[in-house]
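Structure file input33.txt with compact mmCIF, C-alpha atoms:
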# COMPACT_ATOMS: atom_id res chain seq x y z
CA MET A 1 -0.74 -3.32 -78.38
CA SER A 2 -3.36 -0.69 -79.17
CA GLU A 3 -2.21 2.89 -79.59
CA THR A 4 -4.07 6.18 -79.27
CA TRP A 5 -3.00 9.70 -80.18
CA ILE A 6 -4.58 12.60 -78.31
CA ILE A 7 -4.15 15.61 -80.57
CA LEU A 8 -4.48 19.13 -79.18
CA GLY A 9 -5.30 21.91 -81.60
CA ALA A 10 -6.71 19.21 -83.87
CA THR A 11 -8.49 21.63 -86.22
CA SER A 12 -5.21 23.27 -87.27
CA THR A 13 -4.00 22.46 -90.77
CA ILE A 14 -0.94 20.41 -89.82
CA ALA A 15 -2.85 18.59 -87.07
CA ARG A 16 -5.55 17.49 -89.54
CA VAL A 17 -2.92 16.00 -91.84
CA PHE A 18 -1.17 14.35 -88.89
CA ALA A 19 -4.46 12.86 -87.65
CA ARG A 20 -5.21 11.42 -91.07
CA LYS A 21 -1.78 9.80 -91.29
CA VAL A 22 -1.88 8.15 -87.85
CA SER A 23 -5.42 6.95 -88.62
CA GLU A 24 -4.20 5.36 -91.84
CA SER A 25 -1.58 3.49 -89.81
CA GLY A 26 -4.29 1.97 -87.62
CA LYS A 27 -4.05 4.22 -84.58
CA SER A 28 -7.03 5.57 -82.65
CA VAL A 29 -7.35 9.32 -82.10
CA ILE A 30 -8.78 11.73 -79.58
CA LEU A 31 -9.23 15.07 -81.30
CA ALA A 32 -9.19 18.06 -78.94
CA GLY A 33 -9.90 21.70 -79.68
CA ARG A 34 -12.39 24.52 -79.44
CA ASP A 35 -14.64 23.84 -82.46
CA LEU A 36 -16.59 20.64 -81.80
CA ASP A 37 -18.37 20.69 -85.16
CA GLU A 38 -15.05 20.74 -87.01
CA LEU A 39 -13.65 18.10 -84.69
CA GLU A 40 -16.59 15.80 -85.41
CA ARG A 41 -16.04 16.15 -89.14
CA SER A 42 -12.37 15.33 -88.71
CA ALA A 43 -13.20 12.35 -86.51
CA ALA A 44 -15.49 10.93 -89.20
CA ASP A 45 -12.69 11.36 -91.73
CA CYS A 46 -10.23 9.58 -89.42
CA LYS A 47 -12.58 6.62 -89.02
CA SER A 48 -13.00 6.39 -92.78
CA ARG A 49 -9.21 6.21 -93.10
CA GLY A 50 -8.78 3.33 -90.69
CA ALA A 51 -8.78 4.69 -87.14
CA PRO A 52 -10.28 1.98 -84.88
CA ASP A 53 -11.79 4.76 -82.78
CA ALA A 54 -12.00 8.54 -83.11
CA LYS A 55 -13.33 10.62 -80.25
CA THR A 56 -13.67 14.38 -79.86
CA VAL A 57 -13.41 16.64 -76.84
CA ALA A 58 -13.68 20.39 -76.29
CA ILE A 59 -10.44 21.78 -74.87
CA ASP A 60 -9.40 25.43 -74.67
CA ALA A 61 -5.72 26.07 -73.98
CA ARG A 62 -6.70 29.21 -72.09
CA ASN A 63 -8.98 27.33 -69.69
CA ILE A 64 -7.28 24.73 -67.51
CA GLU A 65 -10.67 23.51 -66.25
CA SER A 66 -11.46 22.27 -69.76
CA PHE A 67 -8.54 19.81 -69.69
CA GLU A 68 -10.12 17.20 -67.45
CA ALA A 69 -12.49 15.86 -70.11
CA GLY A 70 -9.58 15.12 -72.43
CA LEU A 71 -7.52 13.61 -69.65
CA ALA A 72 -10.44 11.37 -68.68
CA LEU A 73 -10.67 10.06 -72.25
CA ALA A 74 -6.93 9.35 -72.25
CA ARG A 75 -7.16 7.47 -68.95
CA ALA A 76 -10.07 5.40 -70.28
CA THR A 77 -8.08 4.12 -73.27
CA SER A 78 -6.10 0.91 -73.13
CA GLY A 79 -2.59 0.42 -74.44
CA THR A 80 -0.16 3.18 -75.35
CA VAL A 81 -1.24 6.81 -75.15
CA ASN A 82 0.61 9.40 -77.21
CA ALA A 83 0.05 13.16 -77.39
CA ALA A 84 0.69 15.71 -80.11
CA VAL A 85 0.31 19.42 -79.38
CA PHE A 86 -0.33 21.75 -82.31
CA VAL A 87 -1.86 24.61 -80.30
CA GLY A 88 -0.59 28.14 -80.86
CA SER A 89 -1.58 31.64 -81.92
CA MET A 90 0.51 34.39 -83.49
CA PRO A 91 -1.11 37.84 -83.65
CA PRO A 92 0.95 40.29 -85.73
CA GLN A 93 3.58 41.92 -83.54
CA GLU A 94 2.33 45.39 -84.47
CA GLU A 95 -1.13 44.47 -83.13
CA ILE A 96 0.43 43.29 -79.88
CA ASP A 97 2.41 46.52 -79.64
CA GLU A 98 -0.86 48.45 -79.89
CA ASN A 99 -2.78 46.12 -77.59
CA PRO A 100 -0.57 44.42 -74.97
CA ASP A 101 -3.60 42.49 -73.69
CA LEU A 102 -2.95 40.11 -76.60
CA ILE A 103 0.22 38.89 -74.93
CA GLU A 104 -1.61 36.82 -72.33
CA GLY A 105 -3.61 34.85 -74.89
CA THR A 106 -0.60 34.32 -77.14
CA ILE A 107 1.44 32.87 -74.30
CA ALA A 108 -1.48 30.74 -73.05
CA ASP A 109 -2.06 29.26 -76.51
CA SER A 110 1.57 28.75 -77.42
CA PHE A 111 3.15 27.78 -74.10
CA THR A 112 1.40 27.74 -70.75
CA GLY A 113 -1.81 25.96 -71.81
CA PRO A 114 -0.01 23.11 -73.60
CA ALA A 115 2.52 22.86 -70.75
CA GLN A 116 -0.27 22.61 -68.18
CA PHE A 117 -2.04 19.89 -70.16
CA LEU A 118 1.12 17.83 -70.69
CA THR A 119 2.06 18.16 -67.02
CA MET A 120 -1.35 16.76 -66.09
CA LEU A 121 -1.04 13.97 -68.67
CA ALA A 122 2.53 12.98 -67.76
CA PRO A 123 1.72 10.73 -64.75
CA LEU A 124 -0.48 8.52 -66.95
CA LEU A 125 2.32 7.96 -69.46
CA GLU A 126 4.82 7.38 -66.66
CA ASP A 127 2.58 4.77 -65.07
CA ARG A 128 2.21 2.92 -68.38
CA GLY A 129 5.90 3.20 -69.18
CA SER A 130 5.33 3.98 -72.84
CA GLY A 131 4.19 6.66 -75.23
CA THR A 132 5.41 9.63 -77.22
CA ILE A 133 4.77 13.34 -76.84
CA VAL A 134 5.15 15.61 -79.85
CA GLY A 135 5.36 19.28 -78.94
CA VAL A 136 5.17 21.67 -81.87
CA GLY A 137 7.19 24.81 -81.24
CA SER A 138 8.67 27.08 -83.90
CA VAL A 139 11.96 28.33 -85.28
CA ALA A 140 10.71 31.68 -83.96
CA GLY A 141 11.56 30.40 -80.48
CA ASP A 142 15.27 30.12 -81.24
CA ARG A 143 15.94 33.85 -81.05
CA GLY A 144 13.92 36.99 -80.39
CA ARG A 145 13.30 38.72 -83.69
CA LEU A 146 11.81 42.06 -84.58
CA GLY A 147 8.66 40.76 -86.25
CA ASN A 148 7.33 38.21 -83.75
CA TYR A 149 9.19 38.35 -80.46
CA VAL A 150 6.15 37.75 -78.21
CA TYR A 151 5.20 34.61 -80.12
CA GLY A 152 8.89 33.66 -80.22
CA ALA A 153 9.19 34.10 -76.45
CA ALA A 154 6.20 31.81 -75.90
CA LYS A 155 7.65 29.12 -78.16
CA SER A 156 11.08 29.48 -76.58
CA GLY A 157 9.51 28.80 -73.21
CA PHE A 158 7.70 25.78 -74.64
CA HIS A 159 10.97 24.43 -76.07
CA THR A 160 12.63 24.66 -72.66
CA TYR A 161 9.64 23.01 -71.01
CA LEU A 162 9.74 20.13 -73.50
CA SER A 163 13.46 19.66 -72.90
CA GLY A 164 12.88 19.26 -69.19
CA LEU A 165 9.85 17.01 -69.74
CA ARG A 166 11.97 14.82 -72.04
CA ASN A 167 14.55 14.50 -69.28
CA ARG A 168 11.86 13.52 -66.78
CA LEU A 169 9.78 11.12 -68.88
CA GLY A 170 12.69 9.43 -70.62
CA ARG A 171 13.45 7.69 -67.32
CA SER A 172 10.16 5.78 -67.58
CA GLY A 173 10.27 4.91 -71.28
CA VAL A 174 8.30 7.88 -72.63
CA HIS A 175 9.85 9.94 -75.42
CA VAL A 176 9.35 13.66 -76.10
CA VAL A 177 9.99 15.19 -79.52
CA THR A 178 10.41 18.97 -79.90
CA VAL A 179 9.32 20.07 -83.38
CA LYS A 180 10.51 23.41 -84.76
CA PRO A 181 8.75 24.15 -88.05
CA GLY A 182 9.69 27.09 -90.21
CA THR A 183 7.06 28.85 -92.28
CA VAL A 184 4.23 26.50 -93.25
CA ASP A 185 1.38 27.08 -95.67
CA THR A 186 -1.40 27.40 -93.08
CA ALA A 187 -3.93 29.98 -91.95
CA MET A 188 -1.33 31.39 -89.54
CA THR A 189 0.88 32.49 -92.44
CA TRP A 190 -1.69 33.33 -95.12
CA GLY A 191 -1.33 36.91 -96.30
CA MET A 192 2.28 37.28 -95.16
CA ASP A 193 4.84 38.49 -97.66
CA ALA A 194 8.21 36.99 -98.63
CA LEU A 195 8.07 33.75 -96.63
CA PRO A 196 11.32 31.79 -97.14
CA PHE A 197 11.34 28.01 -97.49
CA LEU A 198 7.53 27.78 -97.26
CA ALA A 199 6.58 24.16 -96.54
CA GLN A 200 3.38 22.23 -97.13
CA PRO A 201 1.59 20.68 -94.12
CA GLU A 202 1.92 17.21 -95.64
CA LYS A 203 5.71 17.52 -95.60
CA VAL A 204 5.75 18.68 -91.98
CA ALA A 205 3.47 15.84 -90.83
CA ASP A 206 5.65 13.27 -92.61
CA ASP A 207 8.77 14.72 -90.98
CA ILE A 208 7.13 14.53 -87.56
CA LEU A 209 6.20 10.89 -87.99
CA ARG A 210 9.73 10.02 -89.10
CA ALA A 211 11.11 11.83 -86.04
CA VAL A 212 8.74 9.85 -83.82
CA SER A 213 9.80 6.54 -85.36
CA LYS A 214 13.49 7.41 -84.96
CA ARG A 215 12.98 8.81 -81.44
CA ARG A 216 14.53 12.12 -82.41
CA ASN A 217 14.81 14.69 -79.65
CA THR A 218 14.50 17.82 -81.79
CA LEU A 219 13.28 18.23 -85.35
CA TYR A 220 13.67 21.22 -87.63
CA THR A 221 11.22 20.99 -90.53
CA PRO A 222 11.99 21.46 -93.35
CA MET A 223 15.59 20.53 -92.49
CA ILE A 224 16.94 23.68 -94.18
CA TRP A 225 15.94 25.55 -91.03
CA TRP A 226 18.60 23.79 -88.97
CA PRO A 227 21.56 25.49 -90.70
CA VAL A 228 19.60 28.72 -91.09
CA MET A 229 18.82 28.96 -87.38
CA THR A 230 22.34 27.82 -86.44
CA ILE A 231 23.65 30.85 -88.31
CA ILE A 232 21.02 33.21 -86.87
CA LYS A 233 21.74 32.07 -83.32
CA SER A 234 25.48 32.62 -83.84
CA ILE A 235 25.20 36.28 -84.88
CA PRO A 236 26.59 38.53 -82.11
CA GLU A 237 23.89 40.54 -80.37
CA ALA A 238 25.56 43.84 -81.25
CA ILE A 239 25.08 43.01 -84.93
CA PHE A 240 21.80 41.11 -84.62
CA LYS A 241 19.92 43.99 -83.02
CA LYS A 242 20.58 46.10 -86.13
CA LEU A 243 19.18 43.51 -88.53
CA LYS A 244 15.62 43.50 -89.80
CA ILE A 245 14.96 39.76 -89.45

Just give me the structure as structure tokens.
Amino acid sequence: MSETWIILGATSTIARVFARKVSESGKSVILAGRDLDELERSAADCKSRGAPDAKTVAIDARNIESFEAGLALARATSGTVNAAVFVGSMPPQEEIDENPDLIEGTIADSFTGPAQFLTMLAPLLEDRGSGTIVGVGSVAGDRGRLGNYVYGAAKSGFHTYLSGLRNRLGRSGVHVVTVKPGTVDTAMTWGMDALPFLAQPEKVADDILRAVSKRRNTLYTPMIWWPVMTIIKSIPEAIFKKLKI
């Protein structure tokens, strides 16, 4: 059966690597994002790597009206439709503190926009009784921390949404994977100091694909973040609020 991945935030570093890898495995792709020129270049690359088809569509997570074009492409494909969401934005917390208007866009990019799109896509996957959704959250969503608590709050909300969506769609044969990357060598983290366990996008994409094949529910990548975040989540609040982490 033919298989298509619709990839939101397809111009992000990890998404590009992910798109290349699914193309090499013979899957078609629908690349969605804001920059059509970049999407077209990525689509050409995917075709050269083996994707039977590679389409592009302009989608803005902050504009729900832009979603219909991508949904129409998904409905027009035959076979299994999968979705991978790499959308997100993380302004420095100090910039948000100075300009609270940034909160709305951060939450739209990192939570509400992706949740709206997946909610609109879900009936298609339910009707076909197959497919996988990969939702990329963050370890930042596991606990509110001093340096990025607005971004963390958005990702925490997305994690909870994905958990509920997994409960819903699992009843019709659709699987949802929640991905919680740590720090990754991408534009989002460039220029930051002292980043522990910095991972390469290639590693994260490989981990995601393994999680998909094994039908994992939640993935920490790299795996070191699972024990790290288990410890961080277990710290009593009275102590945690005094820590600079």

For Met1 in chain A, work out the shell of residues within 9 Å, counting only C-alpha atoms and skipping chain neighbours fewer than 4 positions away, then give it as a list in words.
->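 Near Met1 in chain A, the qualifying residues are Ser78, Gly79 and Thr80 of chain A.
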
Restricted to C-alpha atoms, what would the selected residues look like written as a PDB file, in the coordinates of the input?
ATOM      1  CA  SER A  78      -6.100   0.910 -73.130  1.00  0.00           C
ATOM      2  CA  GLY A  79      -2.590   0.420 -74.440  1.00  0.00           C
ATOM      3  CA  THR A  80      -0.160   3.180 -75.350  1.00  0.00           C
TER       4      THR A  80
END

Which residues are near range 136-149 of chain A? Cut-off 9 Å, all atoms listed in the file, ignore same chain within fewer than 4 positions. Put them as a PDB file with C-alpha atoms, keeping the file's coordinate frame.
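Written output follows (around.pdb):
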ATOM      1  CA  ALA A  84       0.690  15.710 -80.110  1.00  0.00           C
ATOM      2  CA  VAL A  85       0.310  19.420 -79.380  1.00  0.00           C
ATOM      3  CA  PHE A  86      -0.330  21.750 -82.310  1.00  0.00           C
ATOM      4  CA  VAL A  87      -1.860  24.610 -80.300  1.00  0.00           C
ATOM      5  CA  GLY A  88      -0.590  28.140 -80.860  1.00  0.00           C
ATOM      6  CA  MET A  90       0.510  34.390 -83.490  1.00  0.00           C
ATOM      7  CA  PRO A  91      -1.110  37.840 -83.650  1.00  0.00           C
ATOM      8  CA  PRO A  92       0.950  40.290 -85.730  1.00  0.00           C
ATOM      9  CA  GLN A  93       3.580  41.920 -83.540  1.00  0.00           C
ATOM     10  CA  GLU A  94       2.330  45.390 -84.470  1.00  0.00           C
ATOM     11  CA  SER A 110       1.570  28.750 -77.420  1.00  0.00           C
ATOM     12  CA  PHE A 111       3.150  27.780 -74.100  1.00  0.00           C
ATOM     13  CA  ALA A 153       9.190  34.100 -76.450  1.00  0.00           C
ATOM     14  CA  ALA A 154       6.200  31.810 -75.900  1.00  0.00           C
ATOM     15  CA  LYS A 155       7.650  29.120 -78.160  1.00  0.00           C
ATOM     16  CA  SER A 156      11.080  29.480 -76.580  1.00  0.00           C
ATOM     17  CA  GLY A 157       9.510  28.800 -73.210  1.00  0.00           C
ATOM     18  CA  PHE A 158       7.700  25.780 -74.640  1.00  0.00           C
ATOM     19  CA  HIS A 159      10.970  24.430 -76.070  1.00  0.00           C
ATOM     20  CA  VAL A 177       9.990  15.190 -79.520  1.00  0.00           C
ATOM     21  CA  THR A 178      10.410  18.970 -79.900  1.00  0.00           C
ATOM     22  CA  VAL A 179       9.320  20.070 -83.380  1.00  0.00           C
ATOM     23  CA  LYS A 180      10.510  23.410 -84.760  1.00  0.00           C
ATOM     24  CA  PRO A 181       8.750  24.150 -88.050  1.00  0.00           C
ATOM     25  CA  GLY A 182       9.690  27.090 -90.210  1.00  0.00           C
ATOM     26  CA  THR A 183       7.060  28.850 -92.280  1.00  0.00           C
ATOM     27  CA  TYR A 220      13.670  21.220 -87.630  1.00  0.00           C
ATOM     28  CA  TRP A 225      15.940  25.550 -91.030  1.00  0.00           C
ATOM     29  CA  TRP A 226      18.600  23.790 -88.970  1.00  0.00           C
ATOM     30  CA  MET A 229      18.820  28.960 -87.380  1.00  0.00           C
ATOM     31  CA  ILE A 232      21.020  33.210 -86.870  1.00  0.00           C
ATOM     32  CA  LYS A 233      21.740  32.070 -83.320  1.00  0.00           C
ATOM     33  CA  PHE A 240      21.800  41.110 -84.620  1.00  0.00           C
ATOM     34  CA  LYS A 241      19.920  43.990 -83.020  1.00  0.00           C
ATOM     35  CA  LEU A 243      19.180  43.510 -88.530  1.00  0.00           C
ATOM     36  CA  LYS A 244      15.620  43.500 -89.800  1.00  0.00           C
ATOM     37  CA  ILE A 245      14.960  39.760 -89.450  1.00  0.00           C
TER      38      ILE A 245
END

Closest to Pro52 in chain A among A:Ala32, A:Glu65, A:Arg75, A:Glu24, using only C-alpha atoms?
->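 That would be A:Glu24, the residue with the smallest distance to Pro52 in chain A.
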
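Here the residues that fall within 12 Å of (-16.9, 15.6, -85.5), using all atoms listed in the file, are given as A:Ala10, A:Thr11, A:Val29, A:Ile30, A:Leu31, A:Ala32, A:Gly33, A:Arg34, A:Asp35, A:Leu36, A:Asp37, A:Glu38, A:Leu39, A:Glu40, A:Arg41, A:Ser42, A:Ala43, A:Ala44, A:Asp45, A:Cys46, A:Lys47, A:Ala54, A:Lys55, A:Thr56, A:Val57, A:Ala58.
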
If we count all atoms listed in the file, what is near Glu68 in chain A at a cut-off of 12 Å, once residues fewer than 2 positions away on the same chain are taken out, given as a list in words?
-> Ala32, Val57, Ala58, Ile59, Asp60, Ala61, Asn63, Ile64, Glu65, Ser66, Gly70, Leu71, Ala72, Leu73, Ala74, Arg75, Gln116, Phe117, Leu118, Met120 and Leu121 of chain A

In Å and to one decimal, CA of Thr112 in chain A is distant from CA of Lys214 in chain A by 27.6 Å

To one decimal place, how far is CA of Phe67 in chain A from CA of Asp53 in chain A in Å?
->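 CA of Asp53 in chain A lies 20.2 Å from CA of Phe67 in chain A.
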
Between CA of Ser23 in chain A and CA of Thr4 in chain A, distance in Å (one decimal) | 9.5 Å

Got a sec: who's within 7 Å of Ala205 in chain A, counting all atoms listed in the file, leaving out chain neighbours fewer than 2 positions off, as a list of chain:residue names?
->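 Near neighbours after the sequence-gap exclusion: A:Ile14, A:Val17, A:Phe18, A:Pro201, A:Glu202, A:Lys203, A:Asp207, A:Ile208, A:Leu209.
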
At most 6 Å from (16.4, 13.6, -74.0), file frame, all atoms listed in the file: which residues, as a PyMOL selection string?
-> chain A and resi 166-167+217

Give me the box for range 209-227 of chain A as JSON, namely the centre and edge lengths in Å to one decimal of a box along x, y and z that holds every listed atom plus 6 Å on each side.
{"center_x": 13.9, "center_y": 16.0, "center_z": -86.9, "size_x": 27.4, "size_y": 31.0, "size_z": 26.5}

For Leu169 in chain A, which residue out of A:Leu102, A:Ile235, A:Leu198, A:Ala122 is the nearest one, using all atoms listed in the file?
-> A:Ala122
